[in-house]
>>> print(open('upload33.pdb').read())   # PDB, C-alpha atoms
ATOM      1  CA  MET A   1      -5.256   0.274 -13.581
ATOM      2  CA  PRO A   2      -8.943   0.396 -14.538
ATOM      3  CA  GLN A   3      -8.790   4.207 -14.756
ATOM      4  CA  LEU A   4      -5.601   4.154 -16.826
ATOM      5  CA  LEU A   5      -7.029   1.594 -19.215
ATOM      6  CA  GLU A   6     -10.222   3.612 -19.588
ATOM      7  CA  MET A   7      -8.134   6.715 -20.343
ATOM      8  CA  THR A   8      -6.374   4.886 -23.198
ATOM      9  CA  LYS A   9      -9.768   4.043 -24.700
ATOM     10  CA  ARG A  10     -10.791   7.719 -24.631
ATOM     11  CA  HIS A  11      -7.428   8.863 -26.043
ATOM     12  CA  PRO A  12      -6.358   6.337 -28.708
ATOM     13  CA  LEU A  13      -3.128   8.217 -29.551
ATOM     14  CA  LEU A  14      -1.921   8.067 -25.951
ATOM     15  CA  ARG A  15       0.931   5.628 -25.354
ATOM     16  CA  LEU A  16       1.586   4.339 -21.875
ATOM     17  CA  ASP A  17       4.708   2.724 -20.489
ATOM     18  CA  ILE A  18       3.418   1.602 -17.094
ATOM     19  CA  ARG A  19       5.972   0.620 -14.474
ATOM     20  CA  LEU A  20       4.699  -0.609 -11.142
ATOM     21  CA  SER A  21       7.073  -0.226  -8.227
ATOM     22  CA  ASP A  22       6.951   0.323  -4.497
ATOM     23  CA  ARG A  23      10.146   2.392  -4.623
ATOM     24  CA  ALA A  24      10.382   6.152  -5.031
ATOM     25  CA  VAL A  25      11.713   6.828  -8.513
ATOM     26  CA  ASP A  26      13.705   9.829  -9.712
ATOM     27  CA  LEU A  27      11.377  11.161 -12.412
ATOM     28  CA  LEU A  28      13.983  13.274 -14.178
ATOM     29  CA  GLU A  29      16.790  10.729 -14.094
ATOM     30  CA  GLU A  30      14.555   7.889 -15.270
ATOM     31  CA  GLY A  31      12.739   9.953 -17.925
ATOM     32  CA  ILE A  32       9.288   9.550 -16.409
ATOM     33  CA  ASP A  33       6.610  12.118 -17.316
ATOM     34  CA  MET A  34       4.004  11.299 -14.682
ATOM     35  CA  VAL A  35       3.806   9.262 -11.519
ATOM     36  CA  VAL A  36       1.031   8.283  -9.151
ATOM     37  CA  ARG A  37       2.380   8.019  -5.629
ATOM     38  CA  LEU A  38       0.779   7.008  -2.379
ATOM     39  CA  GLY A  39       1.592   9.172   0.609
ATOM     40  CA  GLU A  40       3.091  12.603   0.944
ATOM     41  CA  PRO A  41       4.787  14.125  -2.127
ATOM     42  CA  GLY A  42       8.043  14.541  -0.193
ATOM     43  CA  ASN A  43      10.864  16.754  -1.435
ATOM     44  CA  SER A  44       9.504  17.570  -4.877
ATOM     45  CA  ALA A  45       9.475  21.374  -4.842
ATOM     46  CA  PHE A  46      10.442  21.444  -8.527
ATOM     47  CA  LEU A  47       7.494  19.229  -9.520
ATOM     48  CA  SER A  48       3.825  19.971  -9.881
ATOM     49  CA  SER A  49       1.539  17.723  -7.855
ATOM     50  CA  ARG A  50      -2.055  17.426  -6.752
ATOM     51  CA  CYS A  51      -4.023  15.104  -4.545
ATOM     52  CA  LEU A  52      -6.072  12.574  -6.506
ATOM     53  CA  GLY A  53      -7.748  11.073  -3.474
ATOM     54  CA  HIS A  54      -7.232   9.518  -0.107
ATOM     55  CA  GLN A  55      -6.345   5.931   0.584
ATOM     56  CA  CYS A  56      -7.998   4.064   3.417
ATOM     57  CA  VAL A  57      -6.435   1.034   5.026
ATOM     58  CA  VAL A  58      -8.106  -1.833   6.823
ATOM     59  CA  THR A  59      -6.640  -4.319   9.256
ATOM     60  CA  CYS A  60      -7.638  -7.726   7.955
ATOM     61  CA  ALA A  61      -6.934 -11.443   7.928
ATOM     62  CA  SER A  62      -8.332 -14.482   6.205
ATOM     63  CA  PRO A  63     -11.342 -16.221   7.759
ATOM     64  CA  ALA A  64      -9.177 -19.347   8.208
ATOM     65  CA  TYR A  65      -6.521 -17.419  10.157
ATOM     66  CA  LEU A  66      -9.129 -15.816  12.420
ATOM     67  CA  ALA A  67     -10.894 -19.156  12.989
ATOM     68  CA  GLU A  68      -7.620 -20.707  14.120
ATOM     69  CA  ARG A  69      -6.117 -17.788  16.081
ATOM     70  CA  GLY A  70      -9.092 -15.654  17.087
ATOM     71  CA  SER A  71      -9.789 -11.990  16.362
ATOM     72  CA  PRO A  72      -7.813  -9.259  18.123
ATOM     73  CA  THR A  73     -10.023  -6.649  19.774
ATOM     74  CA  CYS A  74      -7.378  -4.013  20.575
ATOM     75  CA  ALA A  75      -3.834  -3.040  19.571
ATOM     76  CA  ALA A  76      -2.315  -4.930  22.504
ATOM     77  CA  ASP A  77      -3.841  -8.191  21.206
ATOM     78  CA  LEU A  78      -1.693  -7.969  18.063
ATOM     79  CA  ALA A  79       1.383  -9.067  20.048
ATOM     80  CA  ALA A  80      -0.107 -12.586  20.222
ATOM     81  CA  HIS A  81      -0.720 -12.729  16.458
ATOM     82  CA  ASP A  82       1.334 -13.189  13.320
ATOM     83  CA  CYS A  83       1.359  -9.770  11.689
ATOM     84  CA  LEU A  84       2.362  -9.123   8.092
ATOM     85  CA  THR A  85       4.094  -5.786   7.709
ATOM     86  CA  PHE A  86       4.879  -3.735   4.622
ATOM     87  CA  ALA A  87       8.391  -2.385   4.134
ATOM     88  CA  GLY A  88       8.945   0.588   1.871
ATOM     89  CA  GLU A  89      12.226   2.380   1.189
ATOM     90  CA  GLY A  90      11.931   4.121   4.551
ATOM     91  CA  GLY A  91      11.551   0.858   6.459
ATOM     92  CA  ILE A  92       8.540  -0.863   7.950
ATOM     93  CA  VAL A  93       5.377   1.188   7.533
ATOM     94  CA  PRO A  94       3.609   1.764  10.891
ATOM     95  CA  TRP A  95      -0.031   0.769  11.235
ATOM     96  CA  THR A  96      -2.841   3.223  11.856
ATOM     97  CA  LEU A  97      -5.275   1.835  14.418
ATOM     98  CA  PRO A  98      -8.310   3.200  16.233
ATOM     99  CA  GLY A  99      -7.288   5.204  19.294
ATOM    100  CA  GLU A 100      -8.307   4.073  22.770
ATOM    101  CA  THR A 101     -10.479   7.152  23.348
ATOM    102  CA  ALA A 102     -10.962   8.783  19.943
ATOM    103  CA  GLY A 103      -9.309   9.205  16.558
ATOM    104  CA  THR A 104      -6.428   7.017  15.476
ATOM    105  CA  THR A 105      -3.003   6.082  16.735
ATOM    106  CA  THR A 106       0.114   5.040  14.834
ATOM    107  CA  VAL A 107       1.773   1.822  15.994
ATOM    108  CA  VAL A 108       4.999   0.172  14.829
ATOM    109  CA  ILE A 109       4.151  -3.506  14.475
ATOM    110  CA  ASP A 110       6.707  -6.260  15.004
ATOM    111  CA  GLY A 111       5.660  -8.485  12.142
ATOM    112  CA  ARG A 112       6.464 -12.135  11.682
ATOM    113  CA  HIS A 113       6.814 -11.532   7.952
ATOM    114  CA  THR A 114       7.802  -8.267   6.249
ATOM    115  CA  ILE A 115       6.939  -7.911   2.573
ATOM    116  CA  SER A 116       7.915  -5.063   0.240
ATOM    117  CA  ASP A 117       5.232  -5.604  -2.394
ATOM    118  CA  GLY A 118       1.583  -4.714  -1.813
ATOM    119  CA  GLU A 119       0.155  -7.505  -3.957
ATOM    120  CA  ALA A 120       2.393 -10.100  -2.299
ATOM    121  CA  LEU A 121       1.301  -8.794   1.118
ATOM    122  CA  ARG A 122      -2.353  -9.185   0.113
ATOM    123  CA  MET A 123      -1.740 -12.719  -1.134
ATOM    124  CA  ALA A 124       0.009 -13.671   2.134
ATOM    125  CA  ALA A 125      -2.973 -12.412   4.137
ATOM    126  CA  ILE A 126      -5.455 -14.266   1.917
ATOM    127  CA  ASP A 127      -3.362 -17.423   2.319
ATOM    128  CA  GLY A 128      -3.716 -17.215   6.103
ATOM    129  CA  LEU A 129      -0.168 -16.215   7.060
ATOM    130  CA  GLY A 130      -1.348 -13.477   9.400
ATOM    131  CA  ILE A 131      -2.987 -10.104   9.921
ATOM    132  CA  ALA A 132      -2.144  -7.266   7.538
ATOM    133  CA  GLN A 133      -3.069  -3.668   6.878
ATOM    134  CA  LEU A 134      -4.122  -3.283   3.264
ATOM    135  CA  PRO A 135      -5.625  -0.477   1.205
ATOM    136  CA  THR A 136      -9.336  -0.688   0.463
TER     137      THR A 136
END
>>> encode(input="upload33.pdb", output="structure tokens")
Amino acid sequence: MPQLLEMTKRHPLLRLDIRLSDRAVDLLEEGIDMVVRLGEPGNSAFLSSRCLGHQCVVTCASPAYLAERGSPTCAADLAAHDCLTFAGEGGIVPWTLPGETAGTTTVVIDGRHTISDGEALRMAAIDGLGIAQLPT
């Protein structure tokens, strides 16, 4: 949002109709001129796209949650914790975790709570409901 708001200051004739959603929209059917999506562009061969950047995620929890339940030190430790998972249209989004030897590994987490809104997921983690993976 800060970048979009700055763009409207530089271009006073620009009119924005901003719709925030975690679902994949049909740009043509819904009359949308531009979209910013996280992840792979998918089946959009008839659309023009470019990468604007890369999103990093962190595995995090509130200090209160960690004080009460302890900090996991490896992927296996997550089984003993309340995990907060994000569900998109394709189902629960797997977590990316550091690999045992090098690189990263993708793990499907069995979360206590599954939330389909990024801001709500962040709020649940801040409130101490569990461990989440959130964008930086």
>>> resolve_selection(input="upload33.pdb", expression="the PyMOL selection byres ((chain A and resi 16) around 12)", output="ChimeraX atom specification")
/A:1,4-5,7-9,11-15,17-19,32-35
>>> write_last_selection(input="upload33.pdb", atoms="C-alpha atoms", output="mmCIF file, in the coordinates of the input")
data_model
loop_
_atom_site.group_PDB
_atom_site.id
_atom_site.type_symbol
_atom_site.label_atom_id
_atom_site.label_comp_id
_atom_site.auth_asym_id
_atom_site.auth_seq_id
_atom_site.Cartn_x
_atom_site.Cartn_y
_atom_site.Cartn_z
ATOM 1 C CA MET A 1 -5.256 0.274 -13.581
ATOM 2 C CA LEU A 4 -5.601 4.154 -16.826
ATOM 3 C CA LEU A 5 -7.029 1.594 -19.215
ATOM 4 C CA MET A 7 -8.134 6.715 -20.343
ATOM 5 C CA THR A 8 -6.374 4.886 -23.198
ATOM 6 C CA LYS A 9 -9.768 4.043 -24.700
ATOM 7 C CA HIS A 11 -7.428 8.863 -26.043
ATOM 8 C CA PRO A 12 -6.358 6.337 -28.708
ATOM 9 C CA LEU A 13 -3.128 8.217 -29.551
ATOM 10 C CA LEU A 14 -1.921 8.067 -25.951
ATOM 11 C CA ARG A 15 0.931 5.628 -25.354
ATOM 12 C CA ASP A 17 4.708 2.724 -20.489
ATOM 13 C CA ILE A 18 3.418 1.602 -17.094
ATOM 14 C CA ARG A 19 5.972 0.620 -14.474
ATOM 15 C CA ILE A 32 9.288 9.550 -16.409
ATOM 16 C CA ASP A 33 6.610 12.118 -17.316
ATOM 17 C CA MET A 34 4.004 11.299 -14.682
ATOM 18 C CA VAL A 35 3.806 9.262 -11.519
#
>>> resolve_selection(input="upload33.pdb", expression="the PyMOL selection byres ((chain A and resi 94) around 6)", output="list in words")
Val93, Trp95, Val107 and Val108 of chain A
>>> atom_distance(input="upload33.pdb", atom1="CA of Ser62 in chain A", atom2="CA of Asp127 in chain A")
7.0 Å
>>> atom_distance(input="upload33.pdb", atom1="CA of Leu84 in chain A", atom2="CA of Cys60 in chain A")
10.1 Å
>>> residues_around(input="upload33.pdb", residues="Leu20 in chain A", least_positions_apart="5", cutoff="12 Å", atoms="only C-alpha atoms", output="ChimeraX atom specification")
/A:1,25,35-37,117-119
>>> write_last_selection(input="upload33.pdb", atoms="C-alpha atoms", output="mmCIF file, in the coordinates of the input")
data_model
loop_
_atom_site.group_PDB
_atom_site.id
_atom_site.type_symbol
_atom_site.label_atom_id
_atom_site.label_comp_id
_atom_site.auth_asym_id
_atom_site.auth_seq_id
_atom_site.Cartn_x
_atom_site.Cartn_y
_atom_site.Cartn_z
ATOM 1 C CA MET A 1 -5.256 0.274 -13.581
ATOM 2 C CA VAL A 25 11.713 6.828 -8.513
ATOM 3 C CA VAL A 35 3.806 9.262 -11.519
ATOM 4 C CA VAL A 36 1.031 8.283 -9.151
ATOM 5 C CA ARG A 37 2.380 8.019 -5.629
ATOM 6 C CA ASP A 117 5.232 -5.604 -2.394
ATOM 7 C CA GLY A 118 1.583 -4.714 -1.813
ATOM 8 C CA GLU A 119 0.155 -7.505 -3.957
#
>>> residues_around(input="upload33.pdb", residues="Ala61 in chain A", least_positions_apart="6", cutoff="10 Å", atoms="only C-alpha atoms", output="list of chain:residue names")
A:Ser71, A:Cys83, A:Leu84, A:Arg122, A:Ala124, A:Ala125, A:Ile126, A:Asp127, A:Gly128, A:Leu129, A:Gly130, A:Ile131, A:Ala132, A:Gln133, A:Leu134
>>> atom_distance(input="upload33.pdb", atom1="CA of Leu121 in chain A", atom2="CA of Ser49 in chain A")
28.0 Å
>>> closest_residue(input="upload33.pdb", among="A:Thr136, A:Ser21, A:Thr104, A:Thr73", to="Ser116 in chain A", atoms="all atoms listed in the file")
A:Ser21
>>> closest_residue(input="upload33.pdb", among="A:Ala76, A:Ala102, A:Leu38, A:Ala24", to="Cys51 in chain A", atoms="all atoms listed in the file")
A:Leu38
>>> closest_residue(input="upload33.pdb", among="A:Asp82, A:Glu89, A:Asp26, A:Asp110", to="Tyr65 in chain A", atoms="all atoms listed in the file")
A:Asp82
>>> closest_residue(input="upload33.pdb", among="A:His54, A:Arg10, A:Gly99, A:Pro135", to="Ala75 in chain A", atoms="only C-alpha atoms")
A:Gly99
>>> decode(input="upload33.pdb", residues="range 21-33 of chain A", atoms="all heavy atoms", output="PDB file, in the first residue's frame")
ATOM      1  N   SER A  21      -7.607  -9.191  -1.802  1.00  0.00           N
ATOM      2  CA  SER A  21      -8.198 -10.524  -1.730  1.00  0.00           C
ATOM      3  C   SER A  21      -7.096 -11.565  -1.769  1.00  0.00           C
ATOM      4  O   SER A  21      -6.065 -11.373  -2.414  1.00  0.00           O
ATOM      5  CB  SER A  21      -9.146 -10.735  -2.920  1.00  0.00           C
ATOM      6  OG  SER A  21      -9.608 -12.060  -2.942  1.00  0.00           O
ATOM      7  N   ASP A  22      -7.316 -12.664  -1.095  1.00  0.00           N
ATOM      8  CA  ASP A  22      -6.370 -13.772  -1.145  1.00  0.00           C
ATOM      9  C   ASP A  22      -6.772 -14.787  -2.207  1.00  0.00           C
ATOM     10  O   ASP A  22      -6.155 -15.828  -2.338  1.00  0.00           O
ATOM     11  CB  ASP A  22      -6.271 -14.460   0.228  1.00  0.00           C
ATOM     12  CG  ASP A  22      -5.516 -13.613   1.233  1.00  0.00           C
ATOM     13  OD1 ASP A  22      -4.599 -12.892   0.815  1.00  0.00           O
ATOM     14  OD2 ASP A  22      -5.842 -13.674   2.424  1.00  0.00           O
ATOM     15  N   ARG A  23      -7.819 -14.493  -2.979  1.00  0.00           N
ATOM     16  CA  ARG A  23      -8.238 -15.425  -4.023  1.00  0.00           C
ATOM     17  C   ARG A  23      -7.695 -14.973  -5.374  1.00  0.00           C
ATOM     18  O   ARG A  23      -7.426 -13.796  -5.590  1.00  0.00           O
ATOM     19  CB  ARG A  23      -9.754 -15.543  -4.072  1.00  0.00           C
ATOM     20  CG  ARG A  23     -10.454 -14.288  -4.568  1.00  0.00           C
ATOM     21  CD  ARG A  23     -11.968 -14.456  -4.646  1.00  0.00           C
ATOM     22  NE  ARG A  23     -12.599 -13.240  -5.091  1.00  0.00           N
ATOM     23  CZ  ARG A  23     -12.757 -12.885  -6.367  1.00  0.00           C
ATOM     24  NH1 ARG A  23     -12.335 -13.688  -7.324  1.00  0.00           N
ATOM     25  NH2 ARG A  23     -13.331 -11.749  -6.699  1.00  0.00           N
ATOM     26  N   ALA A  24      -7.537 -15.929  -6.277  1.00  0.00           N
ATOM     27  CA  ALA A  24      -7.111 -15.599  -7.637  1.00  0.00           C
ATOM     28  C   ALA A  24      -8.330 -15.076  -8.385  1.00  0.00           C
ATOM     29  O   ALA A  24      -9.368 -15.737  -8.432  1.00  0.00           O
ATOM     30  CB  ALA A  24      -6.547 -16.839  -8.326  1.00  0.00           C
ATOM     31  N   VAL A  25      -8.214 -13.881  -8.918  1.00  0.00           N
ATOM     32  CA  VAL A  25      -9.349 -13.284  -9.631  1.00  0.00           C
ATOM     33  C   VAL A  25      -9.180 -13.475 -11.130  1.00  0.00           C
ATOM     34  O   VAL A  25      -8.070 -13.617 -11.639  1.00  0.00           O
ATOM     35  CB  VAL A  25      -9.485 -11.774  -9.307  1.00  0.00           C
ATOM     36  CG1 VAL A  25      -9.786 -11.565  -7.846  1.00  0.00           C
ATOM     37  CG2 VAL A  25      -8.252 -11.008  -9.715  1.00  0.00           C
ATOM     38  N   ASP A  26     -10.297 -13.484 -11.844  1.00  0.00           N
ATOM     39  CA  ASP A  26     -10.290 -13.528 -13.300  1.00  0.00           C
ATOM     40  C   ASP A  26     -10.271 -12.081 -13.770  1.00  0.00           C
ATOM     41  O   ASP A  26     -11.281 -11.374 -13.695  1.00  0.00           O
ATOM     42  CB  ASP A  26     -11.528 -14.253 -13.814  1.00  0.00           C
ATOM     43  CG  ASP A  26     -11.537 -14.402 -15.326  1.00  0.00           C
ATOM     44  OD1 ASP A  26     -11.104 -13.464 -16.036  1.00  0.00           O
ATOM     45  OD2 ASP A  26     -11.976 -15.465 -15.802  1.00  0.00           O
ATOM     46  N   LEU A  27      -9.102 -11.622 -14.229  1.00  0.00           N
ATOM     47  CA  LEU A  27      -8.936 -10.209 -14.577  1.00  0.00           C
ATOM     48  C   LEU A  27      -9.909  -9.754 -15.650  1.00  0.00           C
ATOM     49  O   LEU A  27     -10.496  -8.666 -15.539  1.00  0.00           O
ATOM     50  CB  LEU A  27      -7.496  -9.957 -15.028  1.00  0.00           C
ATOM     51  CG  LEU A  27      -6.402 -10.315 -14.021  1.00  0.00           C
ATOM     52  CD1 LEU A  27      -5.035 -10.034 -14.619  1.00  0.00           C
ATOM     53  CD2 LEU A  27      -6.596  -9.564 -12.743  1.00  0.00           C
ATOM     54  N   LEU A  28     -10.079 -10.551 -16.689  1.00  0.00           N
ATOM     55  CA  LEU A  28     -10.964 -10.157 -17.780  1.00  0.00           C
ATOM     56  C   LEU A  28     -12.421 -10.147 -17.340  1.00  0.00           C
ATOM     57  O   LEU A  28     -13.146  -9.188 -17.592  1.00  0.00           O
ATOM     58  CB  LEU A  28     -10.763 -11.082 -18.977  1.00  0.00           C
ATOM     59  CG  LEU A  28      -9.366 -11.051 -19.604  1.00  0.00           C
ATOM     60  CD1 LEU A  28      -9.247 -12.083 -20.721  1.00  0.00           C
ATOM     61  CD2 LEU A  28      -9.038  -9.661 -20.113  1.00  0.00           C
ATOM     62  N   GLU A  29     -12.846 -11.189 -16.688  1.00  0.00           N
ATOM     63  CA  GLU A  29     -14.251 -11.296 -16.277  1.00  0.00           C
ATOM     64  C   GLU A  29     -14.640 -10.222 -15.271  1.00  0.00           C
ATOM     65  O   GLU A  29     -15.748  -9.711 -15.300  1.00  0.00           O
ATOM     66  CB  GLU A  29     -14.521 -12.684 -15.682  1.00  0.00           C
ATOM     67  CG  GLU A  29     -15.986 -12.914 -15.361  1.00  0.00           C
ATOM     68  CD  GLU A  29     -16.255 -14.337 -14.918  1.00  0.00           C
ATOM     69  OE1 GLU A  29     -15.845 -15.268 -15.632  1.00  0.00           O
ATOM     70  OE2 GLU A  29     -16.859 -14.504 -13.847  1.00  0.00           O
ATOM     71  N   GLU A  30     -13.699  -9.857 -14.388  1.00  0.00           N
ATOM     72  CA  GLU A  30     -14.007  -8.885 -13.349  1.00  0.00           C
ATOM     73  C   GLU A  30     -13.608  -7.463 -13.728  1.00  0.00           C
ATOM     74  O   GLU A  30     -13.739  -6.546 -12.924  1.00  0.00           O
ATOM     75  CB  GLU A  30     -13.363  -9.315 -12.032  1.00  0.00           C
ATOM     76  CG  GLU A  30     -13.925 -10.652 -11.542  1.00  0.00           C
ATOM     77  CD  GLU A  30     -13.416 -11.055 -10.181  1.00  0.00           C
ATOM     78  OE1 GLU A  30     -13.262 -10.157  -9.315  1.00  0.00           O
ATOM     79  OE2 GLU A  30     -13.178 -12.249  -9.973  1.00  0.00           O
ATOM     80  N   GLY A  31     -13.103  -7.266 -14.963  1.00  0.00           N
ATOM     81  CA  GLY A  31     -12.768  -5.932 -15.433  1.00  0.00           C
ATOM     82  C   GLY A  31     -11.614  -5.285 -14.693  1.00  0.00           C
ATOM     83  O   GLY A  31     -11.620  -4.078 -14.451  1.00  0.00           O
ATOM     84  N   ILE A  32     -10.609  -6.059 -14.355  1.00  0.00           N
ATOM     85  CA  ILE A  32      -9.468  -5.549 -13.606  1.00  0.00           C
ATOM     86  C   ILE A  32      -8.309  -5.321 -14.566  1.00  0.00           C
ATOM     87  O   ILE A  32      -7.971  -6.185 -15.364  1.00  0.00           O
ATOM     88  CB  ILE A  32      -9.082  -6.538 -12.484  1.00  0.00           C
ATOM     89  CG1 ILE A  32     -10.247  -6.629 -11.488  1.00  0.00           C
ATOM     90  CG2 ILE A  32      -7.806  -6.108 -11.796  1.00  0.00           C
ATOM     91  CD1 ILE A  32     -10.072  -7.676 -10.423  1.00  0.00           C
ATOM     92  N   ASP A  33      -7.695  -4.125 -14.495  1.00  0.00           N
ATOM     93  CA  ASP A  33      -6.612  -3.759 -15.401  1.00  0.00           C
ATOM     94  C   ASP A  33      -5.252  -4.280 -14.951  1.00  0.00           C
ATOM     95  O   ASP A  33      -4.401  -4.601 -15.765  1.00  0.00           O
ATOM     96  CB  ASP A  33      -6.518  -2.230 -15.532  1.00  0.00           C
ATOM     97  CG  ASP A  33      -7.765  -1.645 -16.152  1.00  0.00           C
ATOM     98  OD1 ASP A  33      -8.288  -2.233 -17.115  1.00  0.00           O
ATOM     99  OD2 ASP A  33      -8.220  -0.597 -15.664  1.00  0.00           O
TER     100      ASP A  33
END
